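Pasted below: work_38.tsv, TSV, C-alpha atoms.
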```tsv
chain	number	residue	atom	x	y	z
A	48	MET	CA	129.87	108.37	38.01
A	49	SER	CA	130.80	107.73	41.61
A	50	ALA	CA	131.74	104.32	42.93
A	51	ASP	CA	128.55	104.35	45.03
A	52	GLY	CA	126.46	105.05	41.91
A	53	SER	CA	128.22	102.23	40.03
A	54	ARG	CA	127.31	99.81	42.80
A	55	ARG	CA	123.66	100.85	42.63
A	56	LYS	CA	123.68	100.33	38.83
A	57	ARG	CA	125.17	96.85	39.23
A	58	GLN	CA	122.40	95.98	41.74
A	59	GLY	CA	119.68	96.17	39.13
A	60	GLY	CA	120.16	99.48	37.40
A	61	LYS	CA	118.00	101.41	39.86
A	62	SER	CA	119.19	103.72	42.59
A	63	ILE	CA	118.32	102.78	46.16
A	64	PRO	CA	116.44	105.69	47.75
A	65	ALA	CA	117.84	107.32	50.86
A	66	SER	CA	116.26	106.27	54.18
A	67	THR	CA	112.95	107.95	54.86
A	68	GLU	CA	113.28	107.42	58.64
A	69	ALA	CA	113.02	110.70	60.53
A	70	ALA	CA	116.10	112.03	62.20
A	71	PRO	CA	116.05	111.47	65.93
A	72	GLY	CA	114.68	114.37	67.95
A	73	ARG	CA	115.93	115.66	71.27
A	74	VAL	CA	116.39	113.27	74.17
A	75	ARG	CA	113.16	112.72	76.10
A	76	THR	CA	112.90	112.62	79.88
A	77	VAL	CA	111.03	110.30	82.22
A	78	LYS	CA	108.87	113.25	83.22
A	79	GLU	CA	107.77	113.79	79.61
A	80	ILE	CA	106.95	110.09	79.24
A	81	ALA	CA	104.85	110.22	82.41
A	82	ALA	CA	102.94	113.28	81.21
A	83	ALA	CA	102.25	111.76	77.79
A	84	ALA	CA	101.12	108.48	79.33
A	85	ASN	CA	99.08	110.26	82.01
A	86	VAL	CA	100.76	108.33	84.82
A	87	SER	CA	103.16	109.23	87.61
A	88	VAL	CA	106.93	109.43	87.20
A	89	ALA	CA	107.28	106.60	89.73
A	90	THR	CA	105.03	104.37	87.60
A	91	VAL	CA	107.15	105.01	84.51
A	92	SER	CA	110.30	104.27	86.49
A	93	ARG	CA	108.88	100.97	87.73
A	94	ALA	CA	107.60	99.99	84.28
A	95	LEU	CA	111.08	100.49	82.79
A	96	GLN	CA	113.15	99.03	85.62
A	97	ARG	CA	110.83	96.57	87.41
A	98	PRO	CA	108.08	95.71	84.90
A	99	GLU	CA	106.94	92.72	86.96
A	100	VAL	CA	105.42	95.04	89.59
A	101	VAL	CA	103.31	96.97	87.05
A	102	SER	CA	100.05	95.73	85.51
A	103	GLU	CA	100.29	94.46	81.94
A	104	ALA	CA	97.91	97.12	80.59
A	105	THR	CA	99.94	99.94	82.18
A	106	ARG	CA	103.24	98.44	81.05
A	107	LEU	CA	102.08	98.09	77.43
A	108	HIS	CA	100.66	101.60	77.43
A	109	ILE	CA	103.96	103.06	78.70
A	110	GLN	CA	105.96	101.01	76.20
A	111	GLU	CA	103.80	102.41	73.38
A	112	VAL	CA	104.43	105.98	74.57
A	113	VAL	CA	108.16	105.29	74.93
A	114	LYS	CA	108.30	103.97	71.37
A	115	ARG	CA	106.23	106.83	69.96
A	116	LEU	CA	108.33	109.54	71.62
A	117	GLY	CA	111.64	107.86	70.91
A	118	TYR	CA	112.76	107.53	74.52
A	119	THR	CA	115.83	105.28	75.03
A	120	PRO	CA	115.91	104.11	78.65
A	121	ASN	CA	118.52	101.41	78.04
A	122	ALA	CA	121.07	103.90	76.77
A	123	LEU	CA	120.33	106.20	79.67
A	124	ALA	CA	120.70	103.38	82.14
A	125	ARG	CA	124.10	102.50	80.68
A	126	ASN	CA	125.23	106.10	81.04
A	127	LEU	CA	124.07	106.17	84.65
A	128	ARG	CA	125.90	102.97	85.48
A	129	THR	CA	129.19	104.19	84.04
A	130	ALA	CA	128.95	107.35	86.14
A	131	ARG	CA	128.39	105.48	89.41
A	132	THR	CA	130.77	104.20	92.03
A	133	ARG	CA	128.30	101.49	93.17
A	134	LEU	CA	129.20	102.54	96.73
A	135	ILE	CA	126.81	103.96	99.31
A	136	ILE	CA	127.62	105.30	102.78
A	137	ALA	CA	125.67	104.25	105.88
A	138	LEU	CA	126.10	106.79	108.67
A	139	LEU	CA	125.38	105.74	112.25
A	140	PRO	CA	125.97	107.76	115.42
A	141	ASP	CA	127.36	104.94	117.57
A	142	ILE	CA	128.76	101.71	116.14
A	143	ALA	CA	128.82	100.19	119.65
A	144	ASN	CA	125.03	100.39	119.90
A	145	PRO	CA	123.80	96.85	119.05
A	146	PHE	CA	120.50	98.18	117.70
A	147	PHE	CA	122.18	99.23	114.47
A	148	SER	CA	123.68	95.83	113.65
A	149	GLN	CA	120.44	94.37	112.27
A	150	VAL	CA	119.61	97.59	110.43
A	151	ILE	CA	123.02	97.47	108.74
A	152	ARG	CA	122.49	93.81	107.87
A	153	GLY	CA	119.27	94.74	106.08
A	154	ILE	CA	121.07	97.51	104.19
A	155	GLU	CA	123.87	95.14	103.20
A	156	GLN	CA	121.45	92.46	101.97
A	157	VAL	CA	119.66	94.77	99.52
A	158	ALA	CA	122.91	96.46	98.51
A	159	HIS	CA	124.50	93.11	97.65
A	160	GLU	CA	121.42	92.01	95.71
A	161	ASN	CA	121.73	95.14	93.55
A	162	GLY	CA	125.49	95.25	93.02
A	163	TYR	CA	126.33	97.92	95.61
A	164	SER	CA	128.93	98.01	98.37
A	165	VAL	CA	128.40	99.69	101.75
A	166	LEU	CA	130.85	101.93	103.61
A	167	LEU	CA	130.03	102.31	107.31
A	168	GLY	CA	130.70	105.67	108.88
A	169	GLU	CA	130.49	106.21	112.64
A	170	THR	CA	129.84	109.90	113.26
A	171	GLN	CA	129.67	109.99	117.07
A	172	SER	CA	127.04	112.70	116.43
A	173	SER	CA	129.80	114.98	115.09
A	174	LEU	CA	128.76	117.50	112.44
A	175	VAL	CA	132.33	117.55	111.13
A	176	ARG	CA	132.37	113.78	110.58
A	177	GLU	CA	128.94	113.82	108.95
A	178	GLN	CA	130.05	116.52	106.53
A	179	ALA	CA	133.25	114.68	105.66
A	180	TYR	CA	131.20	111.71	104.45
A	181	ALA	CA	128.75	114.00	102.64
A	182	ASP	CA	131.67	115.56	100.77
A	183	MET	CA	132.53	112.11	99.40
A	184	VAL	CA	129.19	112.10	97.57
A	185	ALA	CA	129.80	115.60	96.23
A	186	ALA	CA	133.22	114.45	95.00
A	187	ARG	CA	131.59	111.41	93.31
A	188	GLN	CA	133.46	109.00	95.56
A	189	ALA	CA	130.10	107.51	96.63
A	190	ASP	CA	126.63	107.51	95.11
A	191	GLY	CA	124.46	108.26	98.15
A	192	ILE	CA	123.97	108.18	101.90
A	193	ILE	CA	121.70	106.40	104.36
A	194	THR	CA	121.82	108.35	107.60
A	195	MET	CA	120.61	106.89	110.89
A	196	SER	CA	120.59	110.14	112.86
A	197	HIS	CA	118.11	113.00	113.01
A	198	ARG	CA	120.26	115.23	110.78
A	199	VAL	CA	120.88	115.23	107.05
A	200	PRO	CA	124.33	116.53	106.05
A	201	ALA	CA	124.56	119.19	103.36
A	202	ILE	CA	125.71	117.89	99.98
A	203	PRO	CA	126.74	120.67	97.57
A	204	ILE	CA	125.21	119.21	94.41
A	205	GLN	CA	122.39	120.30	92.15
A	206	GLY	CA	119.00	118.61	92.24
A	207	ARG	CA	117.61	116.03	94.62
A	208	LEU	CA	119.93	114.91	97.42
A	209	PRO	CA	120.80	111.18	97.19
A	210	VAL	CA	119.94	110.67	100.87
A	211	VAL	CA	117.55	108.42	102.78
A	212	ASN	CA	116.87	108.74	106.51
A	213	ALA	CA	116.48	105.45	108.45
A	214	CYS	CA	115.32	104.77	112.02
A	215	GLU	CA	115.19	108.48	112.79
A	216	TYR	CA	113.38	110.98	110.60
A	217	VAL	CA	113.61	114.61	109.54
A	218	LYS	CA	110.73	117.00	108.85
A	219	ASP	CA	112.10	117.93	105.41
A	220	GLN	CA	109.48	116.51	103.04
A	221	GLN	CA	112.06	116.18	100.25
A	222	ILE	CA	114.00	113.56	102.23
A	223	SER	CA	112.68	109.99	102.16
A	224	SER	CA	112.57	108.33	105.57
A	225	VAL	CA	111.67	104.95	107.04
A	226	TYR	CA	111.00	104.59	110.77
A	227	VAL	CA	108.53	103.09	113.24
A	228	ASP	CA	105.52	104.68	114.91
A	229	ASN	CA	107.36	105.66	118.09
A	230	VAL	CA	104.35	107.34	119.67
A	231	ALA	CA	102.22	104.20	119.32
A	232	GLY	CA	105.04	101.92	120.47
A	233	ALA	CA	105.74	103.93	123.62
A	234	ARG	CA	102.06	104.26	124.39
A	235	ALA	CA	101.58	100.48	124.12
A	236	ALA	CA	104.43	99.93	126.58
A	237	VAL	CA	103.02	102.31	129.18
A	238	ASP	CA	99.45	101.11	128.60
A	239	TYR	CA	100.66	97.62	129.45
A	240	LEU	CA	102.24	98.82	132.70
A	241	VAL	CA	98.97	100.55	133.60
A	242	THR	CA	97.03	97.30	133.02
A	243	LEU	CA	99.40	95.65	135.50
A	244	GLY	CA	98.28	98.16	138.13
A	245	HIS	CA	101.26	100.51	138.02
A	246	ARG	CA	100.50	104.15	138.75
A	247	ASP	CA	103.89	105.70	139.51
A	248	ILE	CA	105.75	105.07	136.26
A	249	ALA	CA	109.16	106.67	135.78
A	250	PHE	CA	110.47	107.56	132.34
A	251	ILE	CA	114.09	107.61	131.17
A	252	ALA	CA	114.10	109.81	128.07
A	253	GLY	CA	116.57	109.90	125.20
A	254	PRO	CA	118.35	112.95	123.73
A	255	PRO	CA	115.79	115.80	123.54
A	256	THR	CA	117.03	116.85	120.07
A	257	SER	CA	115.94	113.52	118.58
A	258	PRO	CA	112.45	113.45	116.98
A	259	ILE	CA	111.97	109.79	117.90
A	260	CYS	CA	112.76	110.55	121.55
A	261	ILE	CA	110.21	113.36	121.52
A	262	ASP	CA	107.69	110.89	120.04
A	263	ARG	CA	108.41	108.27	122.70
A	264	GLU	CA	107.90	110.83	125.46
A	265	GLN	CA	104.64	111.85	123.81
A	266	GLY	CA	103.52	108.20	123.83
A	267	TYR	CA	104.38	107.98	127.53
A	268	ARG	CA	102.35	111.10	128.30
A	269	LEU	CA	99.38	110.04	126.17
A	270	ALA	CA	99.18	106.69	127.98
A	271	LEU	CA	99.16	108.41	131.39
A	272	GLU	CA	96.57	110.89	130.19
A	273	ALA	CA	94.32	108.12	128.86
A	274	ALA	CA	94.57	106.36	132.24
A	275	ARG	CA	93.85	109.66	134.03
A	276	LEU	CA	97.19	109.48	135.83
A	277	PRO	CA	99.23	112.59	136.62
A	278	CYS	CA	102.43	113.11	134.64
A	279	ASN	CA	104.97	113.91	137.34
A	280	PRO	CA	107.98	115.75	135.83
A	281	ALA	CA	110.08	114.59	138.78
A	282	LEU	CA	109.75	111.01	137.49
A	283	THR	CA	111.44	111.84	134.16
A	284	ALA	CA	115.22	111.63	133.77
A	285	LEU	CA	117.28	112.38	130.66
A	286	GLY	CA	119.66	109.90	129.08
A	287	ASP	CA	121.80	109.46	125.97
A	288	PHE	CA	120.85	105.88	124.95
A	289	SER	CA	123.82	104.33	126.79
A	290	ILE	CA	123.80	101.71	129.54
A	291	GLU	CA	125.58	104.18	131.80
A	292	ALA	CA	122.82	106.74	131.24
A	293	GLY	CA	120.24	104.24	132.47
A	294	GLU	CA	122.27	103.64	135.61
A	295	ARG	CA	122.71	107.36	136.25
A	296	ALA	CA	119.00	108.03	135.77
A	297	ILE	CA	117.96	105.46	138.38
A	298	GLU	CA	120.64	106.71	140.80
A	299	LEU	CA	119.28	110.25	140.38
A	300	LEU	CA	115.64	109.26	140.90
A	301	LEU	CA	116.46	107.25	144.01
A	302	ALA	CA	118.72	109.99	145.41
A	303	GLN	CA	115.83	112.43	145.03
A	304	GLY	CA	113.59	110.09	147.00
A	305	GLN	CA	111.21	109.43	144.11
A	306	SER	CA	108.85	106.49	144.53
A	307	PHE	CA	107.98	104.42	141.45
A	308	SER	CA	106.89	100.86	140.76
A	309	ALA	CA	107.81	100.78	137.06
A	310	VAL	CA	110.25	102.38	134.62
A	311	PHE	CA	109.80	102.89	130.89
A	312	CYS	CA	113.08	103.54	129.06
A	313	SER	CA	113.56	105.09	125.61
A	314	ASN	CA	115.83	102.23	124.55
A	315	ASP	CA	117.00	98.82	125.69
A	316	GLU	CA	120.53	99.83	126.65
A	317	MET	CA	119.23	102.36	129.17
A	318	ALA	CA	116.76	99.74	130.41
A	319	ILE	CA	119.66	97.33	131.01
A	320	GLY	CA	121.51	100.05	132.91
A	321	ALA	CA	118.38	100.77	134.94
A	322	MET	CA	118.03	97.09	135.90
A	323	ARG	CA	121.65	97.04	137.02
A	324	ALA	CA	121.22	100.15	139.17
A	325	LEU	CA	118.02	98.85	140.74
A	326	ALA	CA	119.75	95.58	141.66
A	327	SER	CA	122.63	97.48	143.26
A	328	HIS	CA	120.07	99.14	145.57
A	329	GLY	CA	118.49	95.81	146.50
A	330	LEU	CA	115.39	96.34	144.34
A	331	ARG	CA	114.28	93.23	142.50
A	332	VAL	CA	113.03	93.28	138.91
A	333	PRO	CA	110.11	92.74	138.46
A	334	HIS	CA	109.02	91.99	142.06
A	335	ASP	CA	109.76	95.52	143.29
A	336	VAL	CA	110.07	97.48	140.05
A	337	SER	CA	109.00	96.55	136.51
A	338	VAL	CA	111.19	97.69	133.60
A	339	VAL	CA	110.31	98.13	129.90
A	340	GLY	CA	112.71	99.08	127.10
A	341	PHE	CA	112.45	99.97	123.42
A	342	ASP	CA	114.20	98.38	120.37
A	343	ASP	CA	114.44	94.65	121.25
A	344	ILE	CA	118.18	94.36	120.79
A	345	ARG	CA	119.54	90.82	120.84
A	346	PHE	CA	120.80	91.03	124.45
A	347	SER	CA	117.33	91.87	125.78
A	348	ARG	CA	116.13	88.28	125.77
A	349	TYR	CA	119.28	87.05	127.54
A	350	MET	CA	119.02	89.39	130.54
A	351	THR	CA	118.01	88.01	133.92
A	352	PRO	CA	115.13	88.53	133.92
A	353	SER	CA	114.61	88.92	130.18
A	354	LEU	CA	113.55	92.41	129.15
A	355	THR	CA	110.03	93.38	128.14
A	356	THR	CA	110.47	95.79	125.24
A	357	VAL	CA	109.01	97.38	122.13
A	358	ALA	CA	110.45	95.50	119.14
A	359	GLN	CA	111.46	97.46	116.08
A	360	PRO	CA	111.67	95.58	112.71
A	361	LYS	CA	115.36	96.40	112.42
A	362	ASN	CA	116.19	94.31	109.37
A	363	ALA	CA	113.14	95.64	107.52
A	364	LEU	CA	114.17	99.21	108.33
A	365	GLY	CA	117.56	98.62	106.69
A	366	ARG	CA	116.16	96.81	103.66
A	367	GLU	CA	113.56	99.48	103.01
A	368	ALA	CA	116.08	102.31	103.40
A	369	MET	CA	118.43	100.74	100.85
A	370	SER	CA	115.55	100.03	98.45
A	371	MET	CA	114.46	103.66	98.70
A	372	LEU	CA	117.97	104.89	97.96
A	373	ILE	CA	118.39	102.63	94.92
A	374	GLU	CA	115.04	103.80	93.58
A	375	LEU	CA	116.17	107.41	94.02
A	376	LEU	CA	119.53	106.78	92.34
A	377	ASN	CA	117.77	105.16	89.38
A	378	ASP	CA	115.34	108.04	89.00
A	379	ALA	CA	115.85	111.35	90.81
A	380	GLU	CA	112.26	112.30	90.02
A	381	VAL	CA	110.75	109.55	92.16
A	382	PRO	CA	108.60	111.31	94.79
A	383	PRO	CA	110.03	111.30	98.34
A	384	ARG	CA	108.27	109.05	100.85
A	385	LYS	CA	107.84	108.81	104.61
A	386	ARG	CA	107.25	105.14	105.40
A	387	VAL	CA	106.17	104.23	108.93
A	388	LEU	CA	106.49	100.62	110.10
A	389	SER	CA	104.81	99.09	113.13
A	390	ALA	CA	106.57	98.30	116.41
A	391	ASP	CA	105.25	95.52	118.65
A	392	LEU	CA	105.35	95.09	122.42
A	393	VAL	CA	107.20	91.90	123.44
A	394	VAL	CA	106.33	90.85	127.00
A	395	ARG	CA	109.08	89.02	128.90
A	396	GLY	CA	110.17	88.59	132.49
A	397	SER	CA	111.02	92.15	133.54
A	398	THR	CA	107.39	93.17	134.09
A	399	ALA	CA	104.85	91.99	136.66
A	400	PRO	CA	101.73	93.26	138.44
A	401	CYS	CA	102.34	96.18	140.75
A	402	PRO	CA	103.19	95.02	144.30
A	403	PRO	CA	100.20	95.57	146.66
A	404	ARG	CA	102.17	98.01	148.82
A	405	ARG	CA	102.70	100.27	145.79
A	406	SER	CA	99.15	100.13	144.42
```
Would you write the structure of this file as structure tokens?
Amino acid sequence: MSADGSRRKRQGGKSIPASTEAAPGRVRTVKEIAAAANVSVATVSRALQRPEVVSEATRLHIQEVVKRLGYTPNALARNLRTARTRLIIALLPDIANPFFSQVIRGIEQVAHENGYSVLLGETQSSLVREQAYADMVAARQADGIITMSHRVPAIPIQGRLPVVNACEYVKDQQISSVYVDNVAGARAAVDYLVTLGHRDIAFIAGPPTSPICIDREQGYRLALEAARLPCNPALTALGDFSIEAGERAIELLLAQGQSFSAVFCSNDEMAIGAMRALASHGLRVPHDVSVVGFDDIRFSRYMTPSLTTVAQPKNALGREAMSMLIELLNDAEVPPRKRVLSADLVVRGSTAPCPPRRS
């Protein structure tokens, strides 16, 4: 008799039956749990990772399905954590642009709350630089990317790209994005100038390859159309979001002999440059020319006069982008989203009623 049999005899003379528990089946997926529970994959993900945001009835139902199918989310989560670097890359085109500072702060806040670190990468709109950072994700040196330009770098990996687009957006429906309603924001700015009596309103546009710049120009045109004002192409000048571009645009318009009583700029930096150029030509803001920007960077309120602008919720943009990326990293089957936040017109000292001689 074996030693094991002897032990069973000593424990009462009866053999202890082998376990009747079924052998574990194959590993289940979140998608299977969602199908069995008749809910979305995102709901299952939230019930397992953030149960406080799911109703009690839904949570209990999903837990019952998880138990019945033998799904082990805790083990899976441990495996995911051990495979991660806990590092994400935030790509921005120009680190000198103060608009991005508050966006990055929002990213950092959510990253820190969730145990991630952030590597900033200035691309200077270079495809080569963007790809170099994307290759870090492919090499598992970083977990994902938040890009603040209108391009998404190629990442040679299988499955869903661990990328979120912030501030700008791309048309690819598989890429989650968070941005403001640029058409509505620009239209509100120009509508306000129209209510002040301005009819000849110049426009300093941003890079024409940028979707948000196209949207802001559309808002400008829609406001003129609604006011039954002609859209004069000669009153539009191109810029690149820099202060210098705003200066050059005003110099060009004045050199061409264009007459205008107001200027709407695609961002605050160009608006600041425009104000500087107007002053150098002896034109007072807002007595001779009103100026409106877009973004509400910190310096806008400290200009003389302070700048009327369209305020973007910069911190919220960063926080939401990081939250989206973490959700994607936790569950690659979470559906992609396009979240649009509101932008509000902030009226300050750079705008005034149109001078009578320009009415």
Name all residues at most 7 Å from A:Val157 (count all atoms listed in the file; drop same-chain ones fewer than 4 positions away) and give them as a PDB file with C-alpha atoms, in the frame of the given file.
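Writing done, so here's around-v7.pdb:
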```
ATOM      1  CA  GLY A 153     119.270  94.740 106.080  1.00  0.00           C
ATOM      2  CA  ASN A 161     121.730  95.140  93.550  1.00  0.00           C
ATOM      3  CA  ARG A 366     116.160  96.810 103.660  1.00  0.00           C
ATOM      4  CA  MET A 369     118.430 100.740 100.850  1.00  0.00           C
ATOM      5  CA  SER A 370     115.550 100.030  98.450  1.00  0.00           C
TER       6      SER A 370
END
```
- Straight-line distance linking atom CA of A:Asn362 with atom CA of A:Val101, stated in Å to one decimal: 25.9 Å
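The closest residue to A:Glu169, picked from A:Ala189, A:Ala137, A:Val91, A:Val86 and counting all atoms listed in the file, is A:Ala137.
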- Message: Ranking A:Val227, A:Val112, A:Cys312, A:Leu138 by minimum distance to A:Arg198 and counting only C-alpha atoms, which one comes first?
- Response: A:Leu138
- Message: Need to verify the contact set: A:Ile373, 9 Å, all atoms listed in the file, exclusion of same-chain residues closer than 5 positions in sequence. Can you return it as a VMD selection string?
- Response: chain A and resid 158 161 191 368 378
- Ref. answer, residues at most 12 Å from (116.4, 107.8, 144.2) with all atoms listed in the file, as JSON, numbers by chain: {"A": [249, 281, 282, 283, 284, 294, 295, 296, 297, 298, 299, 300, 301, 302, 303, 304, 305, 306, 307, 321, 324, 325, 328, 330]}
Residues from the last selection, C-alpha atoms, saved as a PDB file, keeping the file's coordinate frame:
```
ATOM      1  CA  ALA A 249     109.160 106.670 135.780  1.00  0.00           C
ATOM      2  CA  ALA A 281     110.080 114.590 138.780  1.00  0.00           C
ATOM      3  CA  LEU A 282     109.750 111.010 137.490  1.00  0.00           C
ATOM      4  CA  THR A 283     111.440 111.840 134.160  1.00  0.00           C
ATOM      5  CA  ALA A 284     115.220 111.630 133.770  1.00  0.00           C
ATOM      6  CA  GLU A 294     122.270 103.640 135.610  1.00  0.00           C
ATOM      7  CA  ARG A 295     122.710 107.360 136.250  1.00  0.00           C
ATOM      8  CA  ALA A 296     119.000 108.030 135.770  1.00  0.00           C
ATOM      9  CA  ILE A 297     117.960 105.460 138.380  1.00  0.00           C
ATOM     10  CA  GLU A 298     120.640 106.710 140.800  1.00  0.00           C
ATOM     11  CA  LEU A 299     119.280 110.250 140.380  1.00  0.00           C
ATOM     12  CA  LEU A 300     115.640 109.260 140.900  1.00  0.00           C
ATOM     13  CA  LEU A 301     116.460 107.250 144.010  1.00  0.00           C
ATOM     14  CA  ALA A 302     118.720 109.990 145.410  1.00  0.00           C
ATOM     15  CA  GLN A 303     115.830 112.430 145.030  1.00  0.00           C
ATOM     16  CA  GLY A 304     113.590 110.090 147.000  1.00  0.00           C
ATOM     17  CA  GLN A 305     111.210 109.430 144.110  1.00  0.00           C
ATOM     18  CA  SER A 306     108.850 106.490 144.530  1.00  0.00           C
ATOM     19  CA  PHE A 307     107.980 104.420 141.450  1.00  0.00           C
ATOM     20  CA  ALA A 321     118.380 100.770 134.940  1.00  0.00           C
ATOM     21  CA  ALA A 324     121.220 100.150 139.170  1.00  0.00           C
ATOM     22  CA  LEU A 325     118.020  98.850 140.740  1.00  0.00           C
ATOM     23  CA  HIS A 328     120.070  99.140 145.570  1.00  0.00           C
ATOM     24  CA  LEU A 330     115.390  96.340 144.340  1.00  0.00           C
TER      25      LEU A 330
END
```
- Task: Mind checking which residues fall within 10 Å of A:Pro140, counting all atoms listed in the file, ignoring those fewer than 6 positions away in the same chain, and posting them as a PyMOL selection string?
- Result: chain A and resi 147+168-173+177+194-197
- Query: How many Å separate atom CA of A:Asn314 from atom CA of A:Pro402?
  - Reply: 24.5 Å
- Item | Nearest residue to A:Ile151 from the set A:Glu79, A:Asp219, A:Glu367, A:Glu272 (distances using only C-alpha atoms) |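 Closest residue, counting only C-alpha atoms: A:Glu367.
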- Message: Between atom CA of A:Tyr180 and atom CA of A:Gln220, what distance in Å does the model show, to one decimal?
- Response: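 Atom CA of A:Gln220 lies 22.3 Å from atom CA of A:Tyr180.
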- Item | Proximity to A:Ala399 - best of A:Val310, A:Ala363, A:Ala358, A:Leu240, only C-alpha atoms |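 Among the listed residues, A:Leu240 lies closest to A:Ala399.
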- For A:Leu243, work out the shell of residues within 9 Å, counting only C-alpha atoms and skipping chain neighbours fewer than 3 positions away, then give it as a PyMOL selection string. chain A and resi 238-240+398-401
Grab the residues selected above and save them as a tab-separated table (two decimals), in the frame of the given file with C-alpha atoms.
```
chain	number	residue	atom	x	y	z
A	238	ASP	CA	99.45	101.11	128.60
A	239	TYR	CA	100.66	97.62	129.45
A	240	LEU	CA	102.24	98.82	132.70
A	398	THR	CA	107.39	93.17	134.09
A	399	ALA	CA	104.85	91.99	136.66
A	400	PRO	CA	101.73	93.26	138.44
A	401	CYS	CA	102.34	96.18	140.75
```
- Item | Nearest residue to A:Arg384 from the set A:Ala179, A:Val217, A:Ala82, A:Ile261 (distances using all atoms listed in the file) | A:Val217
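Among A:Val241, A:Tyr226, A:Val100, A:Arg133, the residue with the shortest atom-to-atom distance to A:Glu160, counting only C-alpha atoms, is A:Arg133.
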- Message: I'd like the contact shell of A:Thr351 - 9 Å cut-off, all atoms listed in the file, skipping same-chain residues fewer than 3 positions apart - returned as a PyMOL selection string.
- Response: chain A and resi 332+348+354+396-397
- For the point (100.2, 106.1, 120.1) in the file's frame, write as a list in words all residues with an atom no more than 9 Å away, counting all atoms listed in the file.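 Taken together, the residues in range are Asp228, Asn229, Val230, Ala231, Gly232, Ala233, Arg234, Ala235, Asp262, Arg263, Gln265, Gly266, Tyr267, Leu269 and Ala270 of chain A.
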My structure is short of atoms at stretch 228-241 of chain A; please model N, CA and C atoms there, returning them as an mmCIF file, in the coordinates of the input.
```
data_model
loop_
_atom_site.group_PDB
_atom_site.id
_atom_site.type_symbol
_atom_site.label_atom_id
_atom_site.label_comp_id
_atom_site.auth_asym_id
_atom_site.auth_seq_id
_atom_site.Cartn_x
_atom_site.Cartn_y
_atom_site.Cartn_z
ATOM 1 N N ASP A 228 106.434 103.779 114.211
ATOM 2 C CA ASP A 228 105.520 104.680 114.910
ATOM 3 C C ASP A 228 105.932 104.685 116.382
ATOM 4 N N ASN A 229 106.809 105.610 116.739
ATOM 5 C CA ASN A 229 107.360 105.660 118.090
ATOM 6 C C ASN A 229 106.324 106.075 119.128
ATOM 7 N N VAL A 230 105.397 106.928 118.734
ATOM 8 C CA VAL A 230 104.350 107.340 119.670
ATOM 9 C C VAL A 230 103.501 106.125 120.054
ATOM 10 N N ALA A 231 103.054 105.371 119.050
ATOM 11 C CA ALA A 231 102.220 104.200 119.320
ATOM 12 C C ALA A 231 102.977 103.137 120.098
ATOM 13 N N GLY A 232 104.260 102.932 119.773
ATOM 14 C CA GLY A 232 105.040 101.920 120.470
ATOM 15 C C GLY A 232 105.218 102.254 121.944
ATOM 16 N N ALA A 233 105.556 103.522 122.227
ATOM 17 C CA ALA A 233 105.740 103.930 123.620
ATOM 18 C C ALA A 233 104.426 103.881 124.381
ATOM 19 N N ARG A 234 103.363 104.286 123.720
ATOM 20 C CA ARG A 234 102.060 104.260 124.390
ATOM 21 C C ARG A 234 101.655 102.833 124.737
ATOM 22 N N ALA A 235 101.914 101.885 123.842
ATOM 23 C CA ALA A 235 101.580 100.480 124.120
ATOM 24 C C ALA A 235 102.342 99.970 125.330
ATOM 25 N N ALA A 236 103.610 100.385 125.446
ATOM 26 C CA ALA A 236 104.430 99.930 126.580
ATOM 27 C C ALA A 236 103.871 100.442 127.901
ATOM 28 N N VAL A 237 103.530 101.724 127.938
ATOM 29 C CA VAL A 237 103.020 102.310 129.180
ATOM 30 C C VAL A 237 101.601 101.837 129.464
ATOM 31 N N ASP A 238 100.802 101.683 128.419
ATOM 32 C CA ASP A 238 99.450 101.110 128.600
ATOM 33 C C ASP A 238 99.526 99.758 129.289
ATOM 34 N N TYR A 239 100.514 98.959 128.873
ATOM 35 C CA TYR A 239 100.660 97.620 129.450
ATOM 36 C C TYR A 239 101.010 97.721 130.943
ATOM 37 N N LEU A 240 101.890 98.641 131.297
ATOM 38 C CA LEU A 240 102.240 98.820 132.700
ATOM 39 C C LEU A 240 101.013 99.258 133.514
ATOM 40 N N VAL A 241 100.183 100.104 132.910
ATOM 41 C CA VAL A 241 98.970 100.550 133.600
ATOM 42 C C VAL A 241 98.027 99.366 133.845
#
```
